[in-house]
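This report refers to the structure that appears directly beneath it.
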Amino acid sequence: MVKKVFITDCEGPLTLNDNAYELADEFIEDGGKLFKIISRFDDYLVDDVKLENYHAGDTLKLIVPFYKLAGLTNEKMIEFSRENIYLVNGSDDTLKFANELIDSFIVSTSYGQYIEALCNYIDFPFQNTYHTQLDVDGATNFNEFSKKSSNVSSDANSSQTIVGTKSPKFIEELKKVEEFRKIILEHGGENEDDFNVLYEIFFNEFPKFEINKYIESVKTVGGKGKQIAVEDIVERFGLEDGSIIYMGDSITDVEPLQYARDHGGLSVSFNGNEYPLNVAEIAVISDHTIVSSILIDLHARFDKDYVLEFIKEYSQKGPNAAFADFEVDYALIEEFEKVFHNKEAPIIEIITDENREYLLKLSKEMRNGIRGKDIGGLG
């Protein structure tokens, strides 16, 4: 029998958070607005400019100087992440079920501090995750920078200048970062002229500064990075085509969804925006992950055609008919019926050119409804 694995994005299919946005909103002045502007810029660079060596999700790199401006530390990130975890209904049970059934992985653009906090919260193995690594303290990155500062002194009373982030040059750079913050907020990222201003700041101005080392040090797991993570899982386990079910919801999931589809796996948009709905084969629209559990169960025990036939019957005749005709775990059926008793059943459909716009409308409504418009509206 072909070995199967379950791979999922984190924010969207599992949690309601956008941790990087929430960190910005909490710690940076006008940080929520700033993050949304940079996120639109990120989409523009990926969709329109197709900038070389730039990948979806690199918002998490570009925002870092503003974290430094706000005095954010690793400790604050960890504490905030631990205290602000909001799960999609049922996602802890779904992950537990999936991990007991088949090898399961989280592949997320989120910072490692948040992913580790989540793993501790829901008892999922942290070693089965891929995530963006950020050392926002980054003192080691600035050893050389400290030595370069003309005001470094060996006087014990001036010892704070030995730490790069306390040096006069670094403090002057932070003043410039504050100027950039204000300029970005003035240019709201609504048109090409705004994006040209942002391009000048991030790709011509920041590279002149030592603080740019923070940006360069961040290796985002988004877009192509997520695909590389999936390929790593495939290689580690020697997986054959048809082995993967991948769930995602945003622009950073396009490449891994396409990879799963191209290699005979199941590619699932879970309350996705237009990006995953343009490449995924299956759309799930639900406020509870029992639907995910059912698809994972069928994927683990049967081939792709069986799962697609189940989805066709579910979408055409309703869940009761599909449950009667296909071998879904009875405990999952019971949970499904309990969750959706006297409620409208969730949507599971195969995406076609004919139903894509209809599914996108409903998917965005669910996305914004359970995650809020600020987070739901991010690419």
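Letters A, B, ... mark the chains of the structure tokens in the order given; residue numbers begin at 1 per chain; ligand numbers begin at 1, in order shown.
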*Apply DSSP to the backbone of this structure and, from stretch 127-339 of chain A, keep only the residues in alpha helix (DSSP H); write these as JSON, numbers by chain.*
{"A": [143, 144, 145, 146, 147, 148, 168, 169, 170, 171, 172, 173, 174, 175, 176, 177, 178, 179, 180, 181, 182, 183, 184, 185, 186, 192, 193, 194, 195, 196, 197, 198, 199, 200, 212, 213, 214, 215, 216, 217, 224, 225, 226, 227, 228, 229, 230, 231, 232, 233, 234, 235, 236, 237, 254, 255, 256, 257, 258, 259, 260, 261, 262, 274, 275, 276, 277, 290, 291, 292, 293, 294, 295, 296, 297, 298, 299, 300, 301, 304, 305, 306, 307, 308, 309, 310, 311, 312, 313, 314, 315, 316, 317, 319, 320, 321, 322, 323, 324, 325, 330, 331, 332, 333, 334, 335, 336, 337, 338, 339]}
Excluding A:Ile63 and any residue of its chain fewer than 6 positions from it, enumerate the residues within 8 Å of it, using only C-alpha atoms, and give them as a compact mmCIF listing (two decimals) with N, CA and C atoms, in the first residue's frame.
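Resulting contents of selection-v6.txt:
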# COMPACT_ATOMS: atom_id res chain seq x y z
N ALA A 24 2.59 42.90 14.69
CA ALA A 24 2.73 44.27 14.19
C ALA A 24 1.68 45.17 14.81
N PHE A 35 1.28 46.70 8.28
CA PHE A 35 1.43 45.32 7.82
C PHE A 35 0.57 45.07 6.60
N ILE A 38 2.20 46.54 3.52
CA ILE A 38 3.35 45.74 3.09
C ILE A 38 2.88 44.42 2.50
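Shortest atom-to-atom contact with A:Phe310 among A:Leu118, A:Ile350, A:Val64, A:Leu277: A:Ile350, counting only C-alpha atoms.
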*Got a sec: who's within 10 Å of stretch 256-262 of chain A, counting only C-alpha atoms, leaving out chain neighbours fewer than 2 positions off, as an NGL selection string?*
:A and (7-9 or 107 or 222-231 or 241-249 or 252-254 or 264-269 or 276-281)
*Neighbour list for A:Ser286 as a PyMOL selection string, cut-off 9 Å, only C-alpha atoms, skip fewer than 2 positions in-chain*: chain A and resi 270-271+284+288-291+345-348+363+366-367
